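So the structure is just underneath, and the comments pick up after that.
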2 protein chains.
Amino acid sequence: MGNLIVAQSGGPTAAINSTLAGVLRECYSNNIKVYGAKFGVEGILKENFIDLSGLSESDLDILSKTPASALGSCRYKLCEPKEDEGDFKRVIEVFRKHDIDKFIYIGGNDSMDTVLSLSEYFNEKGIDDMFVNGAPKTIDNDLCNIDHCPGFGSSAKFIATVCSELAREVKVYDKENVFVVEVMGRNAGWLAAAAGLVNDREIPFIIYPSEVELSAEKFLKDLNSAMQKSKNVIVVVSEGVIVNNLSNRENSEKDAFGHVNVAGSGKILESIIKEKLGYKTRYIELNLLQRCAAHVLSKTDIVESIELGRKAVQIGMDKKSGKMATLTRISNAPYKVEYSYVGVKNVANLEKRVPKNFINADENGVTEEMLLYLRPLIQGEMSCVYKDGLPEYFIF
Amino acid sequence: MGNLIVAQSGGPTAAINSTLAGVLRECYSNNIKVYGAKFGVEGILKENFIDLSGLSESDLDILSKTPASALGSCRYKLCEPKEDEGDFKRVIEVFRKHDIDKFIYIGGNDSMDTVLSLSEYFNEKGIDDMFVNGAPKTIDNDLCNIDHCPGFGSSAKFIATVCSELAREVKVYDKENVFVVEVMGRNAGWLAAAAGLVNDREIPFIIYPSEVELSAEKFLKDLNSAMQKSKNVIVVVSEGVIVNNLSNRENSEKDAFGHVNVAGSGKILESIIKEKLGYKTRYIELNLLQRCAAHVLSKTDIVESIELGRKAVQIGMDKKSGKMATLTRISNAPYKVEYSYVGVKNVANLEKRVPKNFINADENGVTEEMLLYLRPLIQGEMSCVYKDGLPEYFIF
């Protein structure tokens with residue numbers, strides 16, 4: 001059997017290295033020599049790769065709890081083979097040179113497009129001894145044909161944890177106070193929905209996933225209604241929410257040199273509160289922390305991420321190509337999933353948005369169905385490996 | 001012996017409830033009835049308090065890991081007794097009515113001013129059976145006559161943890177990338193300095209505590225020099241750093257209604273990078289998370305915070321007034337502290353800034369002396385009490 005090369009692509013997550021660790025474990029178990037391409041598929045084109053043989057169990061343990069893409073990432077899209085076959089020929093050349101017959105790309109829907117075009121190219125050219133497959137990852141949880149995405153559970157746990165803490169913080173002073181928390185998710189509001197998991201008996205949450213239609217008027221109505229219950233409220237909004245009648249561009253901040261930055265949805269809601277209600281308010285952008293906070297990992301997420309890495313290796317060993325390792329939820333109580341695979345053309349460039357029945361009728365929160373879906377995904381904790389008071393992370 | 005009342009004041013921390021738990025434990029051990037005033041000293045004036053008797057060990061454990069001020073807080077300053085004795089007479093009236101002879105105010109240097117003026121007033125009026133003392137807290141670490149402040153160690157651990165993770169994240173793509181992380185500290189740069197604890201062998205850190213003189217020119221020089229070592233750099237800056245020749249006001253953002261918000265120091269540095277160097281850069285404000293992230297607690301901090309709460313009770317039992325519980329570092333290896341007290345007039349309204357020998361000669365980082373000071377304060381982890389995947393926090 002030939003060698004295997006693995007690469008990581010797209011935005012990093014706190015669990016993407018767990019999948020890498022799963023790939024390595026499965027390769028070690030099957031005596032497959034494994035290379036890692038640095039900075040995604042570009043590392044293959046440039047022959048910039050490292051030998052990943054022989055990591056110890058303790059290295060693999062630290063690697064699986066290390067945030068961000070340990071091999072580096074890229075946003076490189078292969079050129080269209082009809083226009084230019086250069087990239088494709090180069091991949092084949094590199095693979096032949098290093099006796100590589102299996103390639104695993106860990107990534108989201110853009111990365112699955114790379115898997116798709118490579119595997120289709122090989123197929124068209126009659127190359128039947130090179131197997132290109134994908135392992136899923138994305139905090140956005142927007143991949144199709146998978147119950148939920150590796151990386152999402154840990155981000156969801158981080159967001160819900162921080163929101164639990166902010167719920168304690170927002171009510172410290174004896175006066176009206178509203179926090180507006182902006183989370184990632186341009187088109188799909190899964191991450192905002194995760195705040196619905198917070199169960200604080202005092203503080204109402206208003207949640208706007210990206211799928212919601214919002215206007216200043218609707219927001220003020222929702223907020224006034226929540227403030228009937230408590231003078232302290234937390235608003236969680238996807239970055240992708242558009243506030244109608246208030247163009248994000250017109251109302252944007254300028255940087256120190258007068259350049260306009262398009263304001264985030266949360267910043268706009270903060271402005272509306274200040275202007276129309278005069279309450280104390282604070283805009284909190286969770287920023288990159290929500291995808292790299294490896295000090296809050298969901299054990300469920302990490303275990304599944306490792307298994308999906310293993311599965312991706314098995315698919316290639318079974319001489320299949322153009323597939324993505326996936327998981328299906330078998331039951332919620334007890335929570336159980338089954339690992340299998342799906343054709344990448346059913347994943348590449350597609351997007352799974354939050355369905356209507358997961359958002360409440362008032363479009364300002366989530367339904368019990370959403371919570372039933374989310375709850376298992378944040379269960380269990382992984383303790384970091386601490387050294388001298390700080391988490392230890394793996395560096396190749 | 002009379003009853004005791006405890007209140008919390010100023011900005012909350014992740015450890016302020018540990019000190020409250022320490023107060024309660026010491027009261028329970030000595031059969032002292034204990035009340036909690038809601039929303040600081042205002043809760044005394046308004047007789048808005050709750051009976052804190054009989055919390056279980058498990059409640060106290062959760063309370064000591066709960067962020068923000070569980071009793072609520074205020075920024076109320078007592079009126080000057082020479083101008084208006086109303087507040088003071090009211091406090092005495094309330095204390096007499098409820099047989100309270102000990103008051104503990106958990107807070108920072110403003111709160112110690114309240115302890116000072118109350119204790120001086122009692123002294124002047126010959127009231128020798130009411131004992132008002134303070135227990136310290138502040139993430140800013142700027143109180144005088146204490147080695148370091150309760151709450152600081154946990155914030156420092158959170159900041160250093162997040163910066164460790166961002167160091168992995170900043171180098172994901174194969175190109176220049178700079179993160180600018182803004183942390184709290186208007187006048188004292190201790191929290192920014194905590195990022196110096198990160199030990200990442202690949203990523204250089206530039207650290208600007210509030211005490212540093214900064215200009216766009218100096219910043220560009222420092223950044224260019226760091227980028228000789230790595231194309232990925234993390235800049236950590238105190239919110240209080242003034243960037244000379246670039247007025248924070250002129251270069252500020254406007255909100256959705258055209259109001260000018262004074263830009264943070266980090267936002268200004270981000271603009272300078274974009275404008276002058278054109279590198280990819282990202283501004284990350286740690287915001288309230290740095291003071292309420294109870295999912296990352298320093299065990300050292302929590303243990304000390306509890307002990308200082310106990311000590312504050314003992315001071316009152318010893319019929320002393322106008323004191324603040326404090327701690328002195330006896331040795332670094334092994335790390336050891338001693339608990340005692342200090343007159344609040346040596347704390348109230350004073351500020352401990354970072355000394356010159358803790359900042360490097362280039363004014364862009366910290367010295368080994370600073371690290372020796374900081375390292376023990378982030379040691380040890382406290383695990384949250386998790387319920388259904390999220391930390392459980394105490395609500396009165």
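By convention in this document, the chains of the structure tokens carry letters A, B, ... by their order, each chain's residues are numbered from 1, and ligands are numbered from 1 in the order they are shown.
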Within 9 Å of stretch 219-223 of chain B, counting only C-alpha atoms, which residues qualify if same-chain residues fewer than 4 places away don't, as an mmCIF file with C-alpha atoms, in the first residue's frame?
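That gives us out.cif:
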data_model
loop_
_atom_site.group_PDB
_atom_site.id
_atom_site.type_symbol
_atom_site.label_atom_id
_atom_site.label_comp_id
_atom_site.auth_asym_id
_atom_site.auth_seq_id
_atom_site.Cartn_x
_atom_site.Cartn_y
_atom_site.Cartn_z
ATOM 1 C CA ILE B 206 5.193 42.946 21.626
ATOM 2 C CA LEU B 214 4.100 55.198 22.468
ATOM 3 C CA SER B 215 4.101 56.863 19.076
ATOM 4 C CA MET B 227 8.814 40.729 11.946
ATOM 5 C CA GLN B 228 12.471 40.095 11.211
ATOM 6 C CA VAL B 233 3.408 38.698 15.567
ATOM 7 C CA VAL B 235 0.860 42.846 19.959
ATOM 8 C CA VAL B 243 -0.444 56.769 20.973
ATOM 9 C CA LEU B 269 -2.433 50.265 16.341
ATOM 10 C CA ILE B 272 -1.409 52.004 11.735
ATOM 11 C CA ILE B 273 -0.542 48.482 10.557
ATOM 12 C CA LYS B 276 1.601 51.939 6.864
ATOM 13 C CA LEU B 277 2.438 48.274 6.277
ATOM 14 C CA ASP B 362 13.024 48.990 24.711
ATOM 15 C CA ASN B 364 7.987 46.804 24.327
#
Exercise answer, chain A residues close to chain B, 7 Å and only C-alpha atoms, as a PDB file with N, CA, C and O atoms, in the first residue's frame:
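Heads up, here's the output in selection-v7.pdb:
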ATOM      1  N   PHE A  39       0.334  24.242   4.964  1.00  0.00           N
ATOM      2  CA  PHE A  39      -0.517  25.272   4.347  1.00  0.00           C
ATOM      3  C   PHE A  39      -1.402  24.712   3.227  1.00  0.00           C
ATOM      4  O   PHE A  39      -1.425  25.221   2.108  1.00  0.00           O
ATOM      5  N   PRO A  67      -5.324  24.174  19.446  1.00  0.00           N
ATOM      6  CA  PRO A  67      -6.209  24.897  18.530  1.00  0.00           C
ATOM      7  C   PRO A  67      -5.494  25.295  17.242  1.00  0.00           C
ATOM      8  O   PRO A  67      -4.274  25.257  17.173  1.00  0.00           O
ATOM      9  N   ALA A  68      -6.265  25.715  16.270  1.00  0.00           N
ATOM     10  CA  ALA A  68      -5.777  26.205  14.970  1.00  0.00           C
ATOM     11  C   ALA A  68      -5.150  25.056  14.180  1.00  0.00           C
ATOM     12  O   ALA A  68      -4.921  23.991  14.724  1.00  0.00           O
ATOM     13  N   SER A  69      -4.899  25.279  12.917  1.00  0.00           N
ATOM     14  CA  SER A  69      -4.418  24.207  12.057  1.00  0.00           C
ATOM     15  C   SER A  69      -2.923  24.017  12.253  1.00  0.00           C
ATOM     16  O   SER A  69      -2.136  24.852  11.825  1.00  0.00           O
ATOM     17  N   GLY A  72      -0.907  24.322   9.316  1.00  0.00           N
ATOM     18  CA  GLY A  72      -1.142  25.529   8.526  1.00  0.00           C
ATOM     19  C   GLY A  72      -2.293  25.301   7.572  1.00  0.00           C
ATOM     20  O   GLY A  72      -2.724  24.161   7.346  1.00  0.00           O
ATOM     21  N   SER A  73      -2.812  26.387   7.028  1.00  0.00           N
ATOM     22  CA  SER A  73      -3.995  26.293   6.183  1.00  0.00           C
ATOM     23  C   SER A  73      -3.833  27.200   4.968  1.00  0.00           C
ATOM     24  O   SER A  73      -2.827  27.902   4.830  1.00  0.00           O
ATOM     25  N   CYS A  74      -4.812  27.138   4.059  1.00  0.00           N
ATOM     26  CA  CYS A  74      -4.806  28.048   2.914  1.00  0.00           C
ATOM     27  C   CYS A  74      -6.233  28.245   2.448  1.00  0.00           C
ATOM     28  O   CYS A  74      -7.143  27.557   2.896  1.00  0.00           O
ATOM     29  N   THR A 161     -20.655  28.919  27.323  1.00  0.00           N
ATOM     30  CA  THR A 161     -19.952  29.127  28.594  1.00  0.00           C
ATOM     31  C   THR A 161     -19.759  30.619  28.849  1.00  0.00           C
ATOM     32  O   THR A 161     -20.069  31.133  29.928  1.00  0.00           O
ATOM     33  N   VAL A 162     -19.241  31.318  27.854  1.00  0.00           N
ATOM     34  CA  VAL A 162     -18.990  32.753  28.004  1.00  0.00           C
ATOM     35  C   VAL A 162     -20.314  33.497  28.231  1.00  0.00           C
ATOM     36  O   VAL A 162     -20.393  34.405  29.061  1.00  0.00           O
ATOM     37  N   GLU A 165     -21.413  33.287  31.732  1.00  0.00           N
ATOM     38  CA  GLU A 165     -20.639  34.187  32.591  1.00  0.00           C
ATOM     39  C   GLU A 165     -21.101  35.625  32.402  1.00  0.00           C
ATOM     40  O   GLU A 165     -21.237  36.378  33.370  1.00  0.00           O
ATOM     41  N   ARG A 168     -24.106  36.534  34.388  1.00  0.00           N
ATOM     42  CA  ARG A 168     -23.824  36.924  35.787  1.00  0.00           C
ATOM     43  C   ARG A 168     -23.307  38.368  35.832  1.00  0.00           C
ATOM     44  O   ARG A 168     -23.617  39.121  36.748  1.00  0.00           O
ATOM     45  N   GLU A 169     -22.523  38.719  34.832  1.00  0.00           N
ATOM     46  CA  GLU A 169     -21.880  40.043  34.806  1.00  0.00           C
ATOM     47  C   GLU A 169     -22.884  41.161  34.499  1.00  0.00           C
ATOM     48  O   GLU A 169     -22.773  42.262  35.029  1.00  0.00           O
ATOM     49  N   VAL A 172     -24.769  43.094  37.470  1.00  0.00           N
ATOM     50  CA  VAL A 172     -24.009  43.486  38.652  1.00  0.00           C
ATOM     51  C   VAL A 172     -24.481  44.825  39.230  1.00  0.00           C
ATOM     52  O   VAL A 172     -24.568  44.990  40.443  1.00  0.00           O
ATOM     53  N   TYR A 173     -24.782  45.770  38.366  1.00  0.00           N
ATOM     54  CA  TYR A 173     -25.232  47.072  38.872  1.00  0.00           C
ATOM     55  C   TYR A 173     -26.745  47.147  38.857  1.00  0.00           C
ATOM     56  O   TYR A 173     -27.406  46.490  38.045  1.00  0.00           O
ATOM     57  N   ASP A 174     -27.298  47.941  39.727  1.00  0.00           N
ATOM     58  CA  ASP A 174     -28.742  48.018  39.904  1.00  0.00           C
ATOM     59  C   ASP A 174     -29.365  48.982  38.890  1.00  0.00           C
ATOM     60  O   ASP A 174     -29.993  49.965  39.254  1.00  0.00           O
ATOM     61  N   ASN A 251     -23.513  53.212   8.344  1.00  0.00           N
ATOM     62  CA  ASN A 251     -23.381  53.390   9.783  1.00  0.00           C
ATOM     63  C   ASN A 251     -22.089  52.805  10.313  1.00  0.00           C
ATOM     64  O   ASN A 251     -22.005  52.403  11.456  1.00  0.00           O
ATOM     65  N   SER A 252     -21.108  52.795   9.462  1.00  0.00           N
ATOM     66  CA  SER A 252     -19.888  52.107   9.848  1.00  0.00           C
ATOM     67  C   SER A 252     -18.903  53.038  10.510  1.00  0.00           C
ATOM     68  O   SER A 252     -18.960  54.248  10.374  1.00  0.00           O
ATOM     69  N   GLU A 253     -17.995  52.414  11.188  1.00  0.00           N
ATOM     70  CA  GLU A 253     -16.909  53.152  11.812  1.00  0.00           C
ATOM     71  C   GLU A 253     -15.849  53.460  10.768  1.00  0.00           C
ATOM     72  O   GLU A 253     -15.746  52.799   9.734  1.00  0.00           O
ATOM     73  N   LYS A 254     -15.060  54.483  11.057  1.00  0.00           N
ATOM     74  CA  LYS A 254     -13.883  54.727  10.226  1.00  0.00           C
ATOM     75  C   LYS A 254     -12.643  54.396  11.047  1.00  0.00           C
ATOM     76  O   LYS A 254     -12.639  54.568  12.257  1.00  0.00           O
ATOM     77  N   ASP A 255     -11.622  53.946  10.384  1.00  0.00           N
ATOM     78  CA  ASP A 255     -10.399  53.664  11.123  1.00  0.00           C
ATOM     79  C   ASP A 255      -9.589  54.949  11.259  1.00  0.00           C
ATOM     80  O   ASP A 255     -10.020  56.025  10.839  1.00  0.00           O
ATOM     81  N   ALA A 256      -8.409  54.832  11.866  1.00  0.00           N
ATOM     82  CA  ALA A 256      -7.621  56.015  12.197  1.00  0.00           C
ATOM     83  C   ALA A 256      -7.239  56.817  10.960  1.00  0.00           C
ATOM     84  O   ALA A 256      -6.841  57.969  11.059  1.00  0.00           O
ATOM     85  N   PHE A 257      -7.361  56.222   9.782  1.00  0.00           N
ATOM     86  CA  PHE A 257      -6.977  56.927   8.572  1.00  0.00           C
ATOM     87  C   PHE A 257      -8.188  57.232   7.688  1.00  0.00           C
ATOM     88  O   PHE A 257      -8.056  57.569   6.518  1.00  0.00           O
ATOM     89  N   ILE A 268     -24.197  47.637  15.335  1.00  0.00           N
ATOM     90  CA  ILE A 268     -25.396  48.390  14.929  1.00  0.00           C
ATOM     91  C   ILE A 268     -26.486  48.281  15.997  1.00  0.00           C
ATOM     92  O   ILE A 268     -27.102  49.275  16.369  1.00  0.00           O
ATOM     93  N   SER A 271     -25.680  50.537  18.842  1.00  0.00           N
ATOM     94  CA  SER A 271     -25.992  51.932  18.523  1.00  0.00           C
ATOM     95  C   SER A 271     -27.475  52.225  18.666  1.00  0.00           C
ATOM     96  O   SER A 271     -27.870  53.277  19.158  1.00  0.00           O
ATOM     97  N   ILE A 284     -19.901  43.211  22.548  1.00  0.00           N
ATOM     98  CA  ILE A 284     -18.842  42.237  22.813  1.00  0.00           C
ATOM     99  C   ILE A 284     -18.701  41.320  21.603  1.00  0.00           C
ATOM    100  O   ILE A 284     -19.616  40.558  21.285  1.00  0.00           O
ATOM    101  N   ASN A 287     -15.007  37.290  18.478  1.00  0.00           N
ATOM    102  CA  ASN A 287     -13.810  37.320  17.647  1.00  0.00           C
ATOM    103  C   ASN A 287     -13.193  35.935  17.457  1.00  0.00           C
ATOM    104  O   ASN A 287     -13.888  34.938  17.485  1.00  0.00           O
ATOM    105  N   CYS A 292     -10.747  29.314  18.512  1.00  0.00           N
ATOM    106  CA  CYS A 292      -9.439  28.804  18.953  1.00  0.00           C
ATOM    107  C   CYS A 292      -9.340  28.606  20.465  1.00  0.00           C
ATOM    108  O   CYS A 292      -8.262  28.329  20.974  1.00  0.00           O
ATOM    109  N   ALA A 293     -10.464  28.711  21.173  1.00  0.00           N
ATOM    110  CA  ALA A 293     -10.397  28.572  22.634  1.00  0.00           C
ATOM    111  C   ALA A 293     -10.320  27.101  23.027  1.00  0.00           C
ATOM    112  O   ALA A 293     -11.291  26.508  23.496  1.00  0.00           O
ATOM    113  N   ILE A 378     -22.305  19.534  23.198  1.00  0.00           N
ATOM    114  CA  ILE A 378     -21.377  20.250  24.108  1.00  0.00           C
ATOM    115  C   ILE A 378     -21.073  19.433  25.352  1.00  0.00           C
ATOM    116  O   ILE A 378     -20.454  19.925  26.298  1.00  0.00           O
ATOM    117  N   GLN A 379     -21.501  18.176  25.365  1.00  0.00           N
ATOM    118  CA  GLN A 379     -21.336  17.378  26.587  1.00  0.00           C
ATOM    119  C   GLN A 379     -19.900  16.901  26.776  1.00  0.00           C
ATOM    120  O   GLN A 379     -19.257  16.474  25.829  1.00  0.00           O
ATOM    121  N   GLY A 380     -19.461  16.949  28.018  1.00  0.00           N
ATOM    122  CA  GLY A 380     -18.158  16.417  28.386  1.00  0.00           C
ATOM    123  C   GLY A 380     -17.061  17.454  28.243  1.00  0.00           C
ATOM    124  O   GLY A 380     -17.124  18.344  27.399  1.00  0.00           O
ATOM    125  N   ASP A 388       3.136  24.760  33.955  1.00  0.00           N
ATOM    126  CA  ASP A 388       3.460  26.041  34.559  1.00  0.00           C
ATOM    127  C   ASP A 388       2.291  27.033  34.493  1.00  0.00           C
ATOM    128  O   ASP A 388       2.484  28.232  34.258  1.00  0.00           O
ATOM    129  N   GLY A 389       1.077  26.505  34.631  1.00  0.00           N
ATOM    130  CA  GLY A 389      -0.097  27.382  34.707  1.00  0.00           C
ATOM    131  C   GLY A 389      -0.775  27.690  33.386  1.00  0.00           C
ATOM    132  O   GLY A 389      -1.815  28.335  33.361  1.00  0.00           O
ATOM    133  N   LEU A 390      -0.168  27.238  32.271  1.00  0.00           N
ATOM    134  CA  LEU A 390      -0.760  27.527  30.966  1.00  0.00           C
ATOM    135  C   LEU A 390      -0.914  26.247  30.149  1.00  0.00           C
ATOM    136  O   LEU A 390      -0.134  25.310  30.322  1.00  0.00           O
ATOM    137  N   PRO A 391      -1.914  26.214  29.252  1.00  0.00           N
ATOM    138  CA  PRO A 391      -2.084  25.017  28.426  1.00  0.00           C
ATOM    139  C   PRO A 391      -0.878  24.829  27.512  1.00  0.00           C
ATOM    140  O   PRO A 391      -0.311  25.803  27.013  1.00  0.00           O
TER     141      PRO A 391
END
Out of B:Glu307, B:Glu176, B:Glu80, B:Asp59, which residue has the shortest atom-to-atom distance to B:Ser230 when counting only C-alpha atoms?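 Going through B:Glu307, B:Glu176, B:Glu80, B:Asp59 one by one, the smallest distance to B:Ser230 is for B:Glu176.
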Which residues are near A:Leu60? Cut-off 6 Å, only C-alpha atoms, ignore same chain within fewer than 3 positions. Put them as a ChimeraX atom specification. /A:21,57,63
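By chain and then residue number, the residues within 7 Å of A:Val132 are Lys102, Phe103, Ile104, Val115, Ser119, Ser321 and Gly322 of chain A, counting only C-alpha atoms and disregarding those fewer than 6 positions away in sequence.
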Step one, run DSSP on the backbone; step two, keep only residues of stretch 37-278 of chain B assigned to strand (DSSP E or B); then write them as an MDAnalysis selection string. chainID B and resid 37 49:51 73 100:107 131:136 173 177:183 205:208 214:215 232:238 243:244 253:254 260:261
Tell me, which residues of stretch 161-313 of chain A carry DSSP helix (DSSP H, G or I), written as JSON, numbers by chain? {"A": [161, 162, 163, 164, 165, 166, 167, 168, 169, 190, 191, 192, 193, 194, 195, 196, 197, 216, 217, 218, 219, 220, 221, 222, 223, 224, 225, 226, 227, 228, 229, 265, 266, 267, 268, 269, 270, 271, 272, 273, 274, 275, 276, 277, 289, 290, 291, 292, 299, 300, 301, 302, 303, 304, 305, 306, 307, 308, 309, 310, 311, 312, 313]}
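Considering only C-alpha atoms, the residue among A:Ile44, A:Ile146, A:Ile315, A:Ala361 positioned nearest to A:Thr328 is A:Ile146.
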